[in-house]
Amino acid sequence: MSGDAATEFWTRMASLERARHQPFRVEARFAQDGRRATPVQIVLDEGLPKAVISDALAALRDKVNPLSIAQRHPEEGDGEAWRNAFDAARGQRQLTLNQACRLVLGPVYVPERQVHAYNANHELRVRASDLAPWLPELAGEGDYEYSLSELYGLTTSEASNDTARPDANRIALASIRALLAVRGSFDVTVHGTAVRVELTPGDAARWPRIVEGLEERTDGPWPAPLYLTCTWQGGQTTLRMGAETWGKSKNYYGVIGLYVRQESLPLVWITVPREVWSASDDSVVNAPATLSLSRRGEAGKELNVAARKIVD
């Protein structure tokens, strides 16, 4: 997500706040808080978005065991840094959006996670009905939830690609459907380690708000995600793979992509239609993905070298 788009969005909200003499305040749900039990309130502080922690959420934060969470970090130094940040923010009721996810919402709703690193633009969801007074273009969309990243795209114009074939998204959706329909299990070897992968379909998915050139009535339903349970000697994890659209701006607006995530951590995102925009019928194209493995800080240098060897 472009920082310029985010800045433009919050600048627009701040301008409206000043013009109306009315404070900007909307409710946002953390992605893992499926029942919207403890949403945060997003307000503006000198034009910058902040999350207000409610009494109910503060009470849950007080039950978090920071030592236990810090000890889960693979690197002791990273765990200590997280705990120091948690302790420093413990008594605060207004945090940056990323702080709210990293130090409060994540530990409360995903306490078993090893590393609490989040992008609030993806993790926080806002109802269209709550934002309609500030964004009239959302009127009538009811309880549909937008991620902050999607909202940022609404402040810019939708761009088109004149070289794209009109059925690019339809071809991409059909390709992803076929991939997500695979069932069973298989074995792979990752850097000399044997891994068993079991495939399990997820629940039915909701049709996205923005899908360029497609309609649910004629092109639905939206494919359900696929869960990949990966097991190896001494370890296990589950990946989620599915289809979603780029609800932002510029060249990829409304384009379908294939994602892979571990819990809420994004691993892969491929804008599939881009590769078929100018492809001719009966041709075969690849959909390349960029993969980067890294750990920040001095302690991560050796790990980064090993990680790059895995993907080279």
# chains A, B, ... in the order shown; residues from 1 in each chain; ligands from 1

call {"tool": "residues_around", "arguments": {"residues": "A:Leu214", "least_positions_apart": "4", "cutoff": "10 Å", "atoms": "only C-alpha atoms", "output": "JSON, numbers by chain"}}
result
{"A": [166, 167, 169, 170, 173, 210, 218, 219, 220, 254]}

call {"tool": "atom_distance", "arguments": {"atom1": "atom CA of A:Trp232", "atom2": "atom CA of A:Glu76"}}
result
24.4 Å

call {"tool": "residues_around", "arguments": {"residues": "A:Pro223", "least_positions_apart": "6", "cutoff": "8 Å", "atoms": "only C-alpha atoms", "output": "PyMOL selection string"}}
result
chain A and resi 177+180+204-205+242-243

call {"tool": "write_last_selection", "arguments": {"atoms": "C-alpha atoms", "output": "tab-separated table (two decimals), in the first residue's frame"}}
result
chain	number	residue	atom	x	y	z
A	177	ARG	CA	-10.55	-21.73	-8.70
A	180	LEU	CA	-8.10	-24.00	-4.74
A	204	ALA	CA	-17.58	-20.40	1.67
A	205	ALA	CA	-16.12	-16.96	0.93
A	242	GLY	CA	-7.20	-18.00	-1.32
A	243	ALA	CA	-8.36	-15.39	-3.79

call {"tool": "select_by_dssp", "arguments": {"residues": "stretch 185-270 of chain A", "states": "strand (DSSP E or B)", "output": "PyMOL selection string"}}
result
chain A and resi 185-190+193-201+226-232+235-245+250+256-262+265-270

call {"tool": "residues_around", "arguments": {"residues": "A:Ala81", "least_positions_apart": "3", "cutoff": "12 Å", "atoms": "only C-alpha atoms", "output": "PyMOL selection string"}}
result
chain A and resi 66-67+69-71+73+75-78+84-88+102-103+115-116+297

call {"tool": "residues_around", "arguments": {"residues": "A:Leu16", "least_positions_apart": "5", "cutoff": "12 Å", "atoms": "only C-alpha atoms", "output": "number ranges by chain"}}
result
A: 9-11, 21-25, 44, 47, 133-135

call {"tool": "write_last_selection", "arguments": {"atoms": "C-alpha atoms", "output": "PDB file, in the first residue's frame"}}
result
ATOM      1  CA  PHE A   9      -6.897   9.530   3.114  1.00  0.00           C
ATOM      2  CA  TRP A  10      -6.126  10.789   6.619  1.00  0.00           C
ATOM      3  CA  THR A  11      -5.499  14.306   5.318  1.00  0.00           C
ATOM      4  CA  HIS A  21     -16.187  21.197  13.623  1.00  0.00           C
ATOM      5  CA  GLN A  22     -16.918  17.584  14.452  1.00  0.00           C
ATOM      6  CA  PRO A  23     -14.364  15.039  15.682  1.00  0.00           C
ATOM      7  CA  PHE A  24     -13.633  12.106  13.394  1.00  0.00           C
ATOM      8  CA  ARG A  25     -14.381   8.861  15.220  1.00  0.00           C
ATOM      9  CA  LEU A  44      -7.397  11.816  14.771  1.00  0.00           C
ATOM     10  CA  GLY A  47      -4.213  14.800  11.865  1.00  0.00           C
ATOM     11  CA  PRO A 133     -21.030  10.214   7.016  1.00  0.00           C
ATOM     12  CA  TRP A 134     -17.402  10.892   6.076  1.00  0.00           C
ATOM     13  CA  LEU A 135     -17.330   9.073   2.729  1.00  0.00           C
TER      14      LEU A 135
END

call {"tool": "select_by_dssp", "arguments": {"residues": "stretch 166-205 of chain A", "states": "alpha helix (DSSP H)", "output": "list in words"}}
result
Ala168, Asn169, Arg170, Ile171, Ala172, Leu173, Ala174, Ser175, Ile176, Arg177, Ala178, Leu179 and Leu180 of chain A

call {"tool": "atom_distance", "arguments": {"atom1": "atom CA of A:Ser264", "atom2": "atom CA of A:Ala6"}}
result
20.6 Å

call {"tool": "residues_around", "arguments": {"residues": "A:Ser68", "least_positions_apart": "3", "cutoff": "12 Å", "atoms": "only C-alpha atoms", "output": "MDAnalysis selection string"}}
result
chainID A and resid 63:65 71:73 79:80 82:83 107 111:115

call {"tool": "atom_distance", "arguments": {"atom1": "atom CA of A:Thr231", "atom2": "atom CA of A:Val197"}}
result
6.5 Å

call {"tool": "closest_residue", "arguments": {"among": "A:Val268, A:Ser175, A:Val26, A:Ala56", "to": "A:Ala132", "atoms": "only C-alpha atoms"}}
result
A:Val26

call {"tool": "residues_around", "arguments": {"residues": "A:Cys230", "least_positions_apart": "2", "cutoff": "8 Å", "atoms": "only C-alpha atoms", "output": "list in words"}}
result
Val195, Arg196, Val197, Glu198, Leu228, Trp232, Gln236, Thr237, Thr238 and Leu239 of chain A
